[in-house]
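Notes to accompany the following structure.
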Amino acid sequence: MQQCILLFGFRCFDLNLLDMSILRNEIKNNLTYLKNEIEHIFEGGRDTVLSEVTVGQVYGGMRGLTALVCNTSYVDPYSGLHIGDFTVEDLSEKYPEEIFYLLCTGKLPESDFLEEFRKEMNERSGVPQYTWDVLKALPEDTHPMSMLSLGILTMEQESVFKRNYLKGIPKSDFWKYTFEDALNVIAKLPELAAGIYRIRFGDGTLIKRDPDLDWAGNLAMMLGLPNSGKELARLMRLYLVLHCDHEGGNVSAFTSRVVNSALSSLYYAISAGLNGLAGPLHGLANQNCLKFILEIRHRFGDLVSEEEIALYIKETLDSGKVIPGYGHAVLRVTDPRFTAFMKFGKAYCSENVCFQIAEKLFKVVPDILKTYKGGKVASPWPNVDAASGALLFKYGLNQFDFYTVLFGVSRILGFCAQNILAQGLGQPIIRPKSVTNKWVADQLMKNKVNH
Ligand code: CMX
């Protein structure tokens, strides 16, 4: 067994191959399986054309262009997120820890995994004091997403991958060190996220983690909300399950993968992915959704009618704004993650006014978006963000700016799994070709001459 030194919860320098050995071995098996699949695919036709690119796609955010492989999850436009062989509906009662296992291995773990993972997280927990010092020194109005991204970045020099890469390690082992970094980061996330909440919105005192609680339960508890209890922990589990991954092409996952493909450590890659998630067209939409609901409530009162909501939607669109929580780049149906949140809301929050407004929006918005801009909106249906804020609000989490942090904590599971697998498969640095307007115009001219 190799030496392992604990410092602020970090294992310095070395891998301890006994830690999380079942998960580590299952990742190894998954990599072998995936490598065989790729070999078969290559034998079947390495030069087969999968997707053609139009001028419209090149100028349109590469929408619909098939140019990436991501083996953690897949989003079907009509049935939504699939992780391994499972749909959102199959997974909504699981723990986020189990989903991390699933993302990395394609399988759900055995029943004793949760206990093993809890112990591992306890050992690796402990956000360094220097991280707290940096976060506490920031201006009071710093966005919590900047704090989360920066908090991860402060710990970058602890990267086990980076230290060992500098010493020299074989490419085939890169993923093992990245896995080590992943466990170190994931263990610290509940404390880091809850600490950010308490620094930014509370009195700055940090609440100690409870070694007997699960990952999401600890995060819920350490926020220190007055009415938090088992229900908030249950909602947090669901929240952290539903946001964990959404294949490889979304802004945050793709950014994280591009950065890691340069062999920048997972810390850099996670921080970069979070910076993309912080945008209002991506992860920040969930804070905007609750803001939107509260604006409706403020203007029309608790018993707002569907007609009044329709009026508000039209006014919002007329002023050139988007309706937060509606539309999607890939999905063409109601997001099953939205459905899972609605199911939770109906079970636990049906009397809550904000939840009721979210329900009314669902009845009103799709019909309006269907005809808006001459039917240009590709999906008039709700996405994951449309209802989650209303639920968090019910449990006293009334600081909207914090919502994307919760999204980020969950999505880091996906960033980690995607980067571990990509490294294990030896995927190269990502470097697509870009061209200029002149190049495109010349290409069009050449096509005309040839026809
Ligand atoms: N409200 C108003 N207009 C919308 C709209 C909405 N909810 N969704 C799409 N549109 C508009 C677009 O702005 C675009 O108009 P222009 O061409 O005039 O700019 C047109 O419809 C076509 O866009 P699209 O092909 O349907 O959607 P995109 O793939 O370009 O964008 C998304 C997808 C999510 C950015 C967009 O639907 C949107 O802005 N939604 C609101 C913000 C939101 O909820 N984001 C969270 C998504 C989930 C996540 O990734 O985290």
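Convention: chains lettered A, B, ... in structure tokens order; per-chain residue numbering from 1; ligands numbered from 1 as shown.
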Would you list the contacts of Ala272 (chain A) as a list of chain:residue names, taking every protein, DNA or RNA residue within 12 Å and counting only C-alpha atoms, but skipping same-chain residues closer than 5 positions in sequence?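 Close residues of Ala272 (chain A): A:Met145, A:Ser146, A:Leu148, A:Ser149, A:Leu150, A:Ile152, A:Leu153, A:Val251, A:Ser252, A:Ala253, A:Phe254, A:Thr255, A:Ser256, A:Arg257, A:Val258, A:Val259, A:Asn260, A:Ser264, A:Ser265, A:Leu266, A:Tyr267, A:Leu277, A:Ala278, A:Gly408, A:Ile412, A:Phe415.
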Quick one: residues within 8 Å of Ala285 (chain A), only C-alpha atoms, excluding same-chain residues fewer than 5 positions away - as a ChimeraX atom specification? /A:279-280,324-325,385
Show me which residues are within 8 Å of ligand 1 counting only C-alpha atoms and all ligand atoms, and format the list as a PyMOL selection string. chain A and resi 60-61+63+250-251+277+280-286+289+317+320-330+369+372-373+376-380+382-386
Would you list, as a count of residues only, the residues of region 269-385 of chain A that end up in alpha helix (DSSP H) under DSSP run on this structure's backbone? 71
Extract, using only C-alpha atoms, all DNA, RNA and protein residues at most 12 Å from Ile357 (chain A), discarding same-chain residues fewer than 6 positions from it, and format them as a PyMOL selection string. chain A and resi 289-298+300-306+308-310+342+345+349-351+363-365+386-387+389-391
Using the selection just defined, write its residues with C-alpha atoms as a PDB file, in the first residue's frame.
```
ATOM      1  CA  CYS A 289     -37.554  31.324 -12.385  1.00  0.00           C
ATOM      2  CA  LEU A 290     -38.335  31.945  -8.754  1.00  0.00           C
ATOM      3  CA  LYS A 291     -37.793  35.676  -9.212  1.00  0.00           C
ATOM      4  CA  PHE A 292     -40.315  35.510 -12.036  1.00  0.00           C
ATOM      5  CA  ILE A 293     -42.832  33.660  -9.850  1.00  0.00           C
ATOM      6  CA  LEU A 294     -42.432  36.193  -7.051  1.00  0.00           C
ATOM      7  CA  GLU A 295     -42.886  39.092  -9.466  1.00  0.00           C
ATOM      8  CA  ILE A 296     -46.188  37.547 -10.593  1.00  0.00           C
ATOM      9  CA  ARG A 297     -47.251  37.072  -6.978  1.00  0.00           C
ATOM     10  CA  HIS A 298     -46.274  40.632  -6.077  1.00  0.00           C
ATOM     11  CA  PHE A 300     -51.408  39.955  -8.886  1.00  0.00           C
ATOM     12  CA  GLY A 301     -51.500  38.500  -5.370  1.00  0.00           C
ATOM     13  CA  ASP A 302     -51.627  34.916  -4.081  1.00  0.00           C
ATOM     14  CA  LEU A 303     -54.765  34.006  -6.014  1.00  0.00           C
ATOM     15  CA  VAL A 304     -53.446  35.093  -9.411  1.00  0.00           C
ATOM     16  CA  SER A 305     -55.598  33.750 -12.256  1.00  0.00           C
ATOM     17  CA  GLU A 306     -54.404  31.970 -15.397  1.00  0.00           C
ATOM     18  CA  GLU A 308     -53.430  37.320 -15.398  1.00  0.00           C
ATOM     19  CA  ILE A 309     -50.471  34.983 -15.831  1.00  0.00           C
ATOM     20  CA  ALA A 310     -51.042  34.938 -19.601  1.00  0.00           C
ATOM     21  CA  MET A 342     -43.775  18.612  -9.696  1.00  0.00           C
ATOM     22  CA  GLY A 345     -44.320  19.486  -4.959  1.00  0.00           C
ATOM     23  CA  CYS A 349     -45.928  21.568  -1.100  1.00  0.00           C
ATOM     24  CA  SER A 350     -49.374  21.600  -2.727  1.00  0.00           C
ATOM     25  CA  GLU A 351     -50.545  24.406  -0.395  1.00  0.00           C
ATOM     26  CA  LYS A 363     -50.830  25.419 -17.821  1.00  0.00           C
ATOM     27  CA  VAL A 364     -50.375  28.771 -19.569  1.00  0.00           C
ATOM     28  CA  VAL A 365     -46.832  29.196 -20.956  1.00  0.00           C
ATOM     29  CA  ALA A 386     -39.211  25.879 -13.914  1.00  0.00           C
ATOM     30  CA  ALA A 387     -40.329  24.525 -10.528  1.00  0.00           C
ATOM     31  CA  GLY A 389     -36.935  27.331  -6.961  1.00  0.00           C
ATOM     32  CA  ALA A 390     -40.516  27.338  -5.722  1.00  0.00           C
ATOM     33  CA  LEU A 391     -39.789  24.169  -3.739  1.00  0.00           C
TER      34      LEU A 391
END
```
Between A:Glu315, A:Leu235, A:Ser172, A:Asp133, which residue has the minimum interatomic distance to Phe393 (chain A), considering only C-alpha atoms?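 Ranking A:Glu315, A:Leu235, A:Ser172, A:Asp133 by distance to Phe393 (chain A), first place goes to A:Leu235.
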Go through A:Tyr177, A:Trp381, A:Tyr59, A:Tyr197 one by one, measure the shortest atom-to-atom distance of each to Leu406 (chain A) using only C-alpha atoms, and give the residue with the smallest value.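 Distance minimum relative to Leu406 (chain A) lands on A:Tyr197.
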Neighbour list for region 156-161 of chain A as a PyMOL selection string, cut-off 10 Å, only C-alpha atoms, skip fewer than 3 positions in-chain: chain A and resi 7+10-15+150-153+164-167+169+173-182+184-185+263-268+271
Please produce a file of those selected residues containing C-alpha atoms, as a PDB file, in the first residue's frame.
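Result file follows (out-v7.pdb):
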```pdb
ATOM      1  CA  LEU A   7      -3.586  17.394   5.305  1.00  0.00           C
ATOM      2  CA  PHE A  10      -6.283  16.120   1.198  1.00  0.00           C
ATOM      3  CA  ARG A  11      -4.272  13.016   0.531  1.00  0.00           C
ATOM      4  CA  CYS A  12      -0.971  14.393  -0.576  1.00  0.00           C
ATOM      5  CA  PHE A  13       0.660  13.131  -3.730  1.00  0.00           C
ATOM      6  CA  ASP A  14      -0.217   9.448  -3.795  1.00  0.00           C
ATOM      7  CA  LEU A  15      -3.041   7.181  -4.782  1.00  0.00           C
ATOM      8  CA  LEU A 150     -13.188  30.458  -6.823  1.00  0.00           C
ATOM      9  CA  GLY A 151     -13.427  28.180  -3.787  1.00  0.00           C
ATOM     10  CA  ILE A 152     -12.639  25.161  -5.972  1.00  0.00           C
ATOM     11  CA  LEU A 153      -9.866  27.052  -7.724  1.00  0.00           C
ATOM     12  CA  ASN A 164       1.921  13.261 -10.168  1.00  0.00           C
ATOM     13  CA  TYR A 165       1.779  14.448 -13.769  1.00  0.00           C
ATOM     14  CA  LEU A 166       4.744  16.696 -13.042  1.00  0.00           C
ATOM     15  CA  LYS A 167       6.625  13.688 -11.616  1.00  0.00           C
ATOM     16  CA  ILE A 169       2.884   9.053 -14.840  1.00  0.00           C
ATOM     17  CA  ASP A 173      -3.112   5.991 -15.307  1.00  0.00           C
ATOM     18  CA  PHE A 174      -4.305   9.572 -15.749  1.00  0.00           C
ATOM     19  CA  TRP A 175      -7.887   8.661 -14.919  1.00  0.00           C
ATOM     20  CA  LYS A 176      -6.895   7.119 -11.549  1.00  0.00           C
ATOM     21  CA  TYR A 177      -5.395  10.395 -10.349  1.00  0.00           C
ATOM     22  CA  THR A 178      -8.349  12.345 -11.709  1.00  0.00           C
ATOM     23  CA  PHE A 179     -10.652   9.984  -9.809  1.00  0.00           C
ATOM     24  CA  GLU A 180      -8.644  10.786  -6.672  1.00  0.00           C
ATOM     25  CA  ASP A 181      -9.122  14.520  -7.299  1.00  0.00           C
ATOM     26  CA  ALA A 182     -12.833  13.906  -7.905  1.00  0.00           C
ATOM     27  CA  ASN A 184     -11.380  14.983  -2.763  1.00  0.00           C
ATOM     28  CA  VAL A 185     -13.527  17.681  -4.347  1.00  0.00           C
ATOM     29  CA  LEU A 263      -4.744  18.093 -18.959  1.00  0.00           C
ATOM     30  CA  SER A 264      -5.555  21.072 -16.787  1.00  0.00           C
ATOM     31  CA  SER A 265      -6.500  19.444 -13.491  1.00  0.00           C
ATOM     32  CA  LEU A 266     -10.065  18.620 -12.502  1.00  0.00           C
ATOM     33  CA  TYR A 267     -10.062  21.676 -10.207  1.00  0.00           C
ATOM     34  CA  TYR A 268      -9.512  23.989 -13.195  1.00  0.00           C
ATOM     35  CA  SER A 271     -14.210  25.842 -11.929  1.00  0.00           C
TER      36      SER A 271
END
```
Write out as JSON, numbers by chain the residues lying within 9 Å of Val409 (chain A), counting only C-alpha atoms and excluding same-chain residues fewer than 3 positions away. {"A": [148, 186, 189, 190, 193, 240, 243, 244, 404, 405, 406, 412, 413]}
